[in-house]
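**Q** Got target.pdb for you, PDB, C-alpha atoms:
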ATOM      1  CA  MET A1050      48.764  23.408  23.523
ATOM      2  CA  ARG A1051      50.485  26.686  22.905
ATOM      3  CA  ALA A1052      48.809  29.989  23.636
ATOM      4  CA  SER A1053      49.769  33.397  22.365
ATOM      5  CA  THR A1054      49.941  36.604  24.334
ATOM      6  CA  PHE A1055      48.553  39.760  22.740
ATOM      7  CA  ARG A1056      48.492  43.371  23.842
ATOM      8  CA  SER A1057      45.655  45.678  22.897
ATOM      9  CA  ALA A1058      46.092  47.740  19.742
ATOM     10  CA  THR A1059      46.943  50.842  21.742
ATOM     11  CA  GLY A1060      49.653  49.044  23.669
ATOM     12  CA  ARG A1061      47.913  49.853  26.881
ATOM     13  CA  GLY A1062      45.857  47.573  29.007
ATOM     14  CA  PRO A1063      46.377  44.010  30.091
ATOM     15  CA  SER A1064      47.691  41.327  27.857
ATOM     16  CA  VAL A1065      45.195  38.653  26.830
ATOM     17  CA  GLN A1066      45.873  34.943  26.538
ATOM     18  CA  ARG A1067      44.296  33.499  23.410
ATOM     19  CA  PRO A1068      44.267  29.883  22.283
ATOM     20  CA  GLY A1069      46.005  28.731  19.118
ATOM     21  CA  ARG A1070      44.686  29.785  15.735
ATOM     22  CA  VAL A1071      42.745  26.604  14.921
ATOM     23  CA  ARG A1072      40.920  26.579  18.251
ATOM     24  CA  ALA A1073      40.136  30.249  17.875
ATOM     25  CA  LEU A1074      38.561  29.680  14.458
ATOM     26  CA  ALA A1075      36.626  26.656  15.744
ATOM     27  CA  ALA A1076      35.417  28.584  18.770
ATOM     28  CA  ARG A1077      34.370  31.510  16.579
ATOM     29  CA  ALA A1078      32.408  29.128  14.335
ATOM     30  CA  GLY A1079      30.617  27.745  17.383
ATOM     31  CA  PHE A1080      32.273  24.341  17.569
ATOM     32  CA  SER A1081      33.310  22.838  20.835
ATOM     33  CA  ARG A1082      35.052  19.559  21.329
ATOM     34  CA  PRO A1083      32.119  17.557  22.795
ATOM     35  CA  ARG A1084      29.654  18.814  20.175
ATOM     36  CA  SER A1085      32.079  18.146  17.321
ATOM     37  CA  LEU A1086      32.713  14.644  18.614
ATOM     38  CA  PHE A1087      28.969  14.032  18.889
ATOM     39  CA  TRP A1088      28.391  14.971  15.223
ATOM     40  CA  LEU A1089      31.473  13.064  14.143
ATOM     41  CA  VAL A1090      29.982   9.880  15.603
ATOM     42  CA  LEU A1091      26.291  10.531  14.852
ATOM     43  CA  LEU A1092      26.492  11.600  11.211
ATOM     44  CA  PRO A1093      28.081   8.401   9.814
ATOM     45  CA  ALA A1094      25.683   6.292  11.902
ATOM     46  CA  ALA A1095      22.610   8.206  10.662
ATOM     47  CA  SER A1096      23.594   8.534   7.003
ATOM     48  CA  PRO A1097      21.805   5.345   5.788
ATOM     49  CA  PHE A1098      18.564   6.598   7.351
ATOM     50  CA  LEU A1099      18.974  10.091   5.911
ATOM     51  CA  ALA A1100      19.621   8.700   2.441
ATOM     52  CA  SER A1101      16.509   6.515   2.620
ATOM     53  CA  CYS A1102      14.355   9.500   3.623
ATOM     54  CA  ALA A1103      15.620  11.446   0.616
ATOM     55  CA  THR A1104      14.651   8.657  -1.758
ATOM     56  CA  VAL A1105      11.102   8.138  -0.432
ATOM     57  CA  GLY A1106       9.776  10.648  -2.983
ATOM     58  CA  GLN A1107      11.573   8.820  -5.782
ATOM     59  CA  VAL A1108      10.482   5.307  -4.762
ATOM     60  CA  ALA A1109       6.921   5.963  -3.583
ATOM     61  CA  PRO A1110       4.380   6.174  -6.402
ATOM     62  CA  THR A1111       2.564   9.468  -6.749
ATOM     63  CA  PRO A1112      -1.030  10.011  -7.839
ATOM     64  CA  THR A1113      -1.759  11.499 -11.263
ATOM     65  CA  ALA A1114      -4.599  13.694 -12.507
ATOM     66  CA  GLU A1115      -5.841  14.546 -15.996
ATOM     67  CA  VAL A1116      -8.683  16.742 -17.258
ATOM     68  CA  THR A1117     -10.896  14.512 -19.397
ATOM     69  CA  GLY A1118     -13.676  16.939 -20.277
ATOM     70  CA  VAL A1119     -15.450  20.213 -19.658
ATOM     71  CA  GLU A1120     -19.186  20.852 -19.864
ATOM     72  CA  VAL A1121     -21.381  23.861 -19.313
ATOM     73  CA  GLY A1122     -23.086  23.018 -16.040
ATOM     74  CA  SER A1123     -25.462  25.941 -16.055
ATOM     75  CA  LEU A1124     -25.903  29.429 -17.460
ATOM     76  CA  SER A1125     -27.927  32.115 -15.751
ATOM     77  CA  LEU A1126     -28.095  35.894 -15.799
ATOM     78  CA  THR A1127     -25.420  36.040 -13.108
ATOM     79  CA  GLU A1128     -23.017  33.177 -13.793
ATOM     80  CA  LEU A1129     -21.740  30.491 -16.122
ATOM     81  CA  ARG A1130     -20.748  27.246 -14.400
ATOM     82  CA  LEU A1131     -18.163  25.031 -16.068
ATOM     83  CA  ASP A1132     -17.836  21.467 -14.782
ATOM     84  CA  PHE A1133     -14.307  20.132 -15.211
ATOM     85  CA  ALA A1134     -14.126  16.314 -15.188
ATOM     86  CA  VAL A1135     -10.774  15.140 -13.787
ATOM     87  CA  ASP A1136      -9.597  11.524 -13.645
ATOM     88  CA  VAL A1137      -7.424  10.919 -10.583
ATOM     89  CA  LYS A1138      -5.335   7.760 -10.472
ATOM     90  CA  ASN A1139      -4.675   6.486  -6.941
ATOM     91  CA  PRO A1140      -1.663   4.132  -6.837
ATOM     92  CA  TYR A1141      -2.012   3.466  -3.089
ATOM     93  CA  THR A1142      -3.686   0.515  -1.379
ATOM     94  CA  PHE A1143      -5.928   2.837   0.621
ATOM     95  CA  GLY A1144      -8.307   5.694  -0.168
ATOM     96  CA  LEU A1145      -6.837   9.039  -1.254
ATOM     97  CA  PRO A1146      -8.539  12.196   0.076
ATOM     98  CA  VAL A1147      -9.127  14.964  -2.462
ATOM     99  CA  LEU A1148      -9.245  18.343  -0.735
ATOM    100  CA  GLY A1149     -10.076  20.708  -3.590
ATOM    101  CA  LEU A1150      -8.806  22.646  -6.563
ATOM    102  CA  ASP A1151      -7.146  25.958  -7.283
ATOM    103  CA  TYR A1152      -7.641  27.444 -10.724
ATOM    104  CA  ALA A1153      -6.864  30.342 -13.023
ATOM    105  CA  LEU A1154      -8.833  30.888 -16.240
ATOM    106  CA  SER A1155      -7.732  33.018 -19.147
ATOM    107  CA  THR A1156      -8.857  33.724 -22.681
ATOM    108  CA  GLY A1157      -6.865  35.446 -25.399
ATOM    109  CA  GLY A1158      -3.893  35.605 -23.033
ATOM    110  CA  LYS A1159      -5.900  37.621 -20.453
ATOM    111  CA  ARG A1160      -6.472  36.081 -17.037
ATOM    112  CA  PHE A1161     -10.019  36.873 -15.988
ATOM    113  CA  LEU A1162     -10.702  34.565 -13.062
ATOM    114  CA  GLN A1163      -8.852  32.702 -10.354
ATOM    115  CA  GLY A1164      -9.884  31.040  -7.129
ATOM    116  CA  GLU A1165     -10.290  27.832  -5.167
ATOM    117  CA  VAL A1166     -13.010  25.210  -4.911
ATOM    118  CA  GLU A1167     -13.317  22.813  -1.979
ATOM    119  CA  GLN A1168     -14.358  19.405  -3.193
ATOM    120  CA  PRO A1169     -13.887  16.781  -0.467
ATOM    121  CA  GLN A1170     -13.951  13.314  -1.919
ATOM    122  CA  ILE A1171     -12.027  10.056  -1.521
ATOM    123  CA  ILE A1172     -10.546   8.218  -4.504
ATOM    124  CA  PRO A1173     -10.834   4.436  -3.899
ATOM    125  CA  ALA A1174      -7.685   2.393  -3.332
ATOM    126  CA  SER A1175      -5.689   1.269  -6.378
ATOM    127  CA  SER A1176      -8.135   2.716  -8.889
ATOM    128  CA  THR A1177      -9.026   5.748 -10.947
ATOM    129  CA  GLY A1178     -11.800   8.008  -9.729
ATOM    130  CA  LYS A1179     -13.622  10.816 -11.483
ATOM    131  CA  VAL A1180     -13.865  14.174  -9.744
ATOM    132  CA  ILE A1181     -16.244  16.844 -11.061
ATOM    133  CA  LEU A1182     -14.957  20.302 -10.203
ATOM    134  CA  PRO A1183     -17.459  23.121 -10.720
ATOM    135  CA  ILE A1184     -16.061  26.574 -11.489
ATOM    136  CA  SER A1185     -18.493  29.483 -11.479
ATOM    137  CA  ILE A1186     -17.669  32.427 -13.737
ATOM    138  CA  PRO A1187     -19.558  35.688 -13.132
ATOM    139  CA  VAL A1188     -21.285  36.796 -16.348
ATOM    140  CA  LEU A1189     -20.009  40.367 -15.886
ATOM    141  CA  ASP A1190     -16.421  39.058 -16.038
ATOM    142  CA  LEU A1191     -17.200  37.203 -19.263
ATOM    143  CA  VAL A1192     -18.879  40.256 -20.811
ATOM    144  CA  SER A1193     -15.862  42.423 -20.014
ATOM    145  CA  VAL A1194     -13.474  39.876 -21.541
ATOM    146  CA  LEU A1195     -15.531  38.870 -24.567
ATOM    147  CA  GLY A1196     -17.289  42.153 -25.212
ATOM    148  CA  GLY A1197     -20.695  40.492 -24.976
ATOM    149  CA  LEU A1198     -22.374  37.119 -24.882
ATOM    150  CA  GLN A1199     -24.297  35.702 -27.782
ATOM    151  CA  SER A1200     -26.070  32.392 -28.020
ATOM    152  CA  GLY A1201     -24.014  29.910 -30.020
ATOM    153  CA  LYS A1202     -20.791  31.872 -29.536
ATOM    154  CA  SER A1203     -17.760  29.876 -28.381
ATOM    155  CA  LEU A1204     -15.303  30.729 -25.648
ATOM    156  CA  ASP A1205     -11.671  29.678 -26.116
ATOM    157  CA  TYR A1206     -10.038  29.311 -22.725
ATOM    158  CA  THR A1207      -6.926  28.134 -20.943
ATOM    159  CA  ALA A1208      -7.336  26.627 -17.482
ATOM    160  CA  GLU A1209      -4.418  26.273 -15.104
ATOM    161  CA  LEU A1210      -5.623  23.849 -12.453
ATOM    162  CA  GLY A1211      -4.078  22.408  -9.317
ATOM    163  CA  LEU A1212      -5.720  19.417  -7.640
ATOM    164  CA  LYS A1213      -5.017  19.343  -3.891
ATOM    165  CA  LEU A1214      -4.630  15.940  -2.269
ATOM    166  CA  ASP A1215      -3.717  14.669   1.178
ATOM    167  CA  ALA A1216      -1.323  11.849   0.275
ATOM    168  CA  PRO A1217      -0.030   9.660   3.094
ATOM    169  CA  VAL A1218       3.744   9.578   3.608
ATOM    170  CA  ILE A1219       4.184  12.502   1.195
ATOM    171  CA  GLY A1220       1.643  14.786   2.894
ATOM    172  CA  ALA A1221      -0.157  17.654   1.174
ATOM    173  CA  LEU A1222       0.263  17.351  -2.576
ATOM    174  CA  ARG A1223      -0.731  19.576  -5.493
ATOM    175  CA  LEU A1224      -1.062  18.038  -8.956
ATOM    176  CA  PRO A1225      -0.785  20.769 -11.620
ATOM    177  CA  MET A1226      -2.791  20.492 -14.843
ATOM    178  CA  LEU A1227      -3.060  22.691 -17.918
ATOM    179  CA  HIS A1228      -6.131  22.399 -20.111
ATOM    180  CA  GLU A1229      -7.035  24.367 -23.231
ATOM    181  CA  GLY A1230     -10.402  24.120 -24.834
ATOM    182  CA  LYS A1231     -13.489  25.728 -26.282
ATOM    183  CA  VAL A1232     -16.919  25.995 -24.750
ATOM    184  CA  ASN A1233     -19.992  26.654 -26.896
ATOM    185  CA  LEU A1234     -22.430  28.908 -25.107
ATOM    186  CA  PRO A1235     -26.051  27.706 -25.161
TER     187      PRO A1235
END
Would you give me this structure, written as structure tokens?

**A**
Amino acid sequence: MRASTFRSATGRGPSVQRPGRVRALAARAGFSRPRSLFWLVLLPAASPFLASCATVGQVAPTPTAEVTGVEVGSLSLTELRLDFAVDVKNPYTFGLPVLGLDYALSTGGKRFLQGEVEQPQIIPASSTGKVILPISIPVLDLVSVLGGLQSGKSLDYTAELGLKLDAPVIGALRLPMLHEGKVNLP
């Protein structure tokens, strides 16, 4: 290997021996011969395993969720509770833990409530289970959005929901749902 001799920019000081240009670039990038050889051998050997890990998400079935209905659970002087019925399809051969739900509610394009509800439940293996997710809306928030509550009045809403699951192999999973509807106040 050929090395070059350089003097400092000022012309003073000792001369420095530097390796050839390619080695200098490799050394600057952090490569050394043993490490480069290690990766050169390991990468082709590991590539089938890496490719299979990347396709697990494409091959493995994923659960699905769909809002099937909304009912007024209760209405008091302090809150309105909406019960969202969600069908969760479990494609696995073992139970699927449901952790909870995150939500954002809006009406007339104005978001007036968001939060999370913990709802631990297990969806049976290879079946569809129904999860009832209660969302409590403070009456003061509704009054400020609607300008008042009257019996028989309806509330048009948009609900952005995310069902949180603990799916094996995949890990924590969030199934997004969008539901628009109308609730008649009692």

**Q** Please evaluate the PyMOL selection byres ((chain A and resi 1118-1128) around 8) against the structure above and give the resulting residues as a PyMOL selection string.

**A** chain A and resi 1116-1117+1129-1135+1183+1185-1189+1232+1234-1235

**Q** List as JSON, numbers by chain the residues having at least one atom at most 6 Å from position (-7.5, 4.4, -6.2) as given in the file, counting all atoms listed in the file.

**A** {"A": [1138, 1139, 1140, 1172, 1173, 1174, 1175, 1176, 1177]}

**Q** What does the PyMOL selection byres ((chain A and resi 1153-1163) around 7) select in this file, as a list in words?

**A**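 That selection, the PyMOL selection byres ((chain A and resi 1153-1163) around 7), comes back as Tyr1152, Gly1164, Asp1190, Asp1205, Tyr1206, Thr1207, Ala1208, Glu1209 and Leu1210 of chain A.
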
**Q** Quick one, how far is CA of Leu1150 in chain A from CA of Ser1193 in chain A?

**A** 24.9 Å

**Q** Give me range 1204-1215 of chain A with N, CA, C and O atoms filled in, as a PDB file, in the coordinates of the input.

**A**
ATOM      1  N   LEU A1204     -16.282  30.107 -26.526  1.00  0.00           N
ATOM      2  CA  LEU A1204     -15.303  30.729 -25.648  1.00  0.00           C
ATOM      3  C   LEU A1204     -14.056  29.857 -25.643  1.00  0.00           C
ATOM      4  O   LEU A1204     -14.094  28.711 -25.189  1.00  0.00           O
ATOM      5  N   ASP A1205     -12.958  30.370 -26.209  1.00  0.00           N
ATOM      6  CA  ASP A1205     -11.671  29.678 -26.116  1.00  0.00           C
ATOM      7  C   ASP A1205     -11.064  30.038 -24.770  1.00  0.00           C
ATOM      8  O   ASP A1205     -11.038  31.206 -24.382  1.00  0.00           O
ATOM      9  N   TYR A1206     -10.570  29.050 -24.056  1.00  0.00           N
ATOM     10  CA  TYR A1206     -10.038  29.311 -22.725  1.00  0.00           C
ATOM     11  C   TYR A1206      -8.792  28.473 -22.464  1.00  0.00           C
ATOM     12  O   TYR A1206      -8.537  27.471 -23.127  1.00  0.00           O
ATOM     13  N   THR A1207      -8.042  28.893 -21.488  1.00  0.00           N
ATOM     14  CA  THR A1207      -6.926  28.134 -20.943  1.00  0.00           C
ATOM     15  C   THR A1207      -7.162  28.054 -19.443  1.00  0.00           C
ATOM     16  O   THR A1207      -7.401  29.072 -18.799  1.00  0.00           O
ATOM     17  N   ALA A1208      -7.125  26.838 -18.914  1.00  0.00           N
ATOM     18  CA  ALA A1208      -7.336  26.627 -17.482  1.00  0.00           C
ATOM     19  C   ALA A1208      -6.069  26.059 -16.865  1.00  0.00           C
ATOM     20  O   ALA A1208      -5.574  25.022 -17.307  1.00  0.00           O
ATOM     21  N   GLU A1209      -5.543  26.776 -15.898  1.00  0.00           N
ATOM     22  CA  GLU A1209      -4.418  26.273 -15.104  1.00  0.00           C
ATOM     23  C   GLU A1209      -5.025  25.780 -13.803  1.00  0.00           C
ATOM     24  O   GLU A1209      -5.559  26.566 -13.027  1.00  0.00           O
ATOM     25  N   LEU A1210      -4.963  24.471 -13.593  1.00  0.00           N
ATOM     26  CA  LEU A1210      -5.623  23.849 -12.453  1.00  0.00           C
ATOM     27  C   LEU A1210      -4.593  23.186 -11.541  1.00  0.00           C
ATOM     28  O   LEU A1210      -3.550  22.725 -12.006  1.00  0.00           O
ATOM     29  N   GLY A1211      -4.906  23.123 -10.274  1.00  0.00           N
ATOM     30  CA  GLY A1211      -4.078  22.408  -9.317  1.00  0.00           C
ATOM     31  C   GLY A1211      -4.969  21.610  -8.385  1.00  0.00           C
ATOM     32  O   GLY A1211      -5.721  22.179  -7.603  1.00  0.00           O
ATOM     33  N   LEU A1212      -4.915  20.289  -8.485  1.00  0.00           N
ATOM     34  CA  LEU A1212      -5.720  19.417  -7.640  1.00  0.00           C
ATOM     35  C   LEU A1212      -4.977  19.195  -6.329  1.00  0.00           C
ATOM     36  O   LEU A1212      -3.814  18.793  -6.328  1.00  0.00           O
ATOM     37  N   LYS A1213      -5.648  19.465  -5.209  1.00  0.00           N
ATOM     38  CA  LYS A1213      -5.017  19.343  -3.891  1.00  0.00           C
ATOM     39  C   LYS A1213      -5.434  18.025  -3.254  1.00  0.00           C
ATOM     40  O   LYS A1213      -6.621  17.736  -3.133  1.00  0.00           O
ATOM     41  N   LEU A1214      -4.414  17.249  -2.877  1.00  0.00           N
ATOM     42  CA  LEU A1214      -4.630  15.940  -2.269  1.00  0.00           C
ATOM     43  C   LEU A1214      -3.943  15.880  -0.913  1.00  0.00           C
ATOM     44  O   LEU A1214      -3.018  16.647  -0.645  1.00  0.00           O
ATOM     45  N   ASP A1215      -4.376  14.928  -0.096  1.00  0.00           N
ATOM     46  CA  ASP A1215      -3.717  14.669   1.178  1.00  0.00           C
ATOM     47  C   ASP A1215      -3.142  13.260   1.085  1.00  0.00           C
ATOM     48  O   ASP A1215      -3.758  12.290   1.511  1.00  0.00           O
TER      49      ASP A1215
END
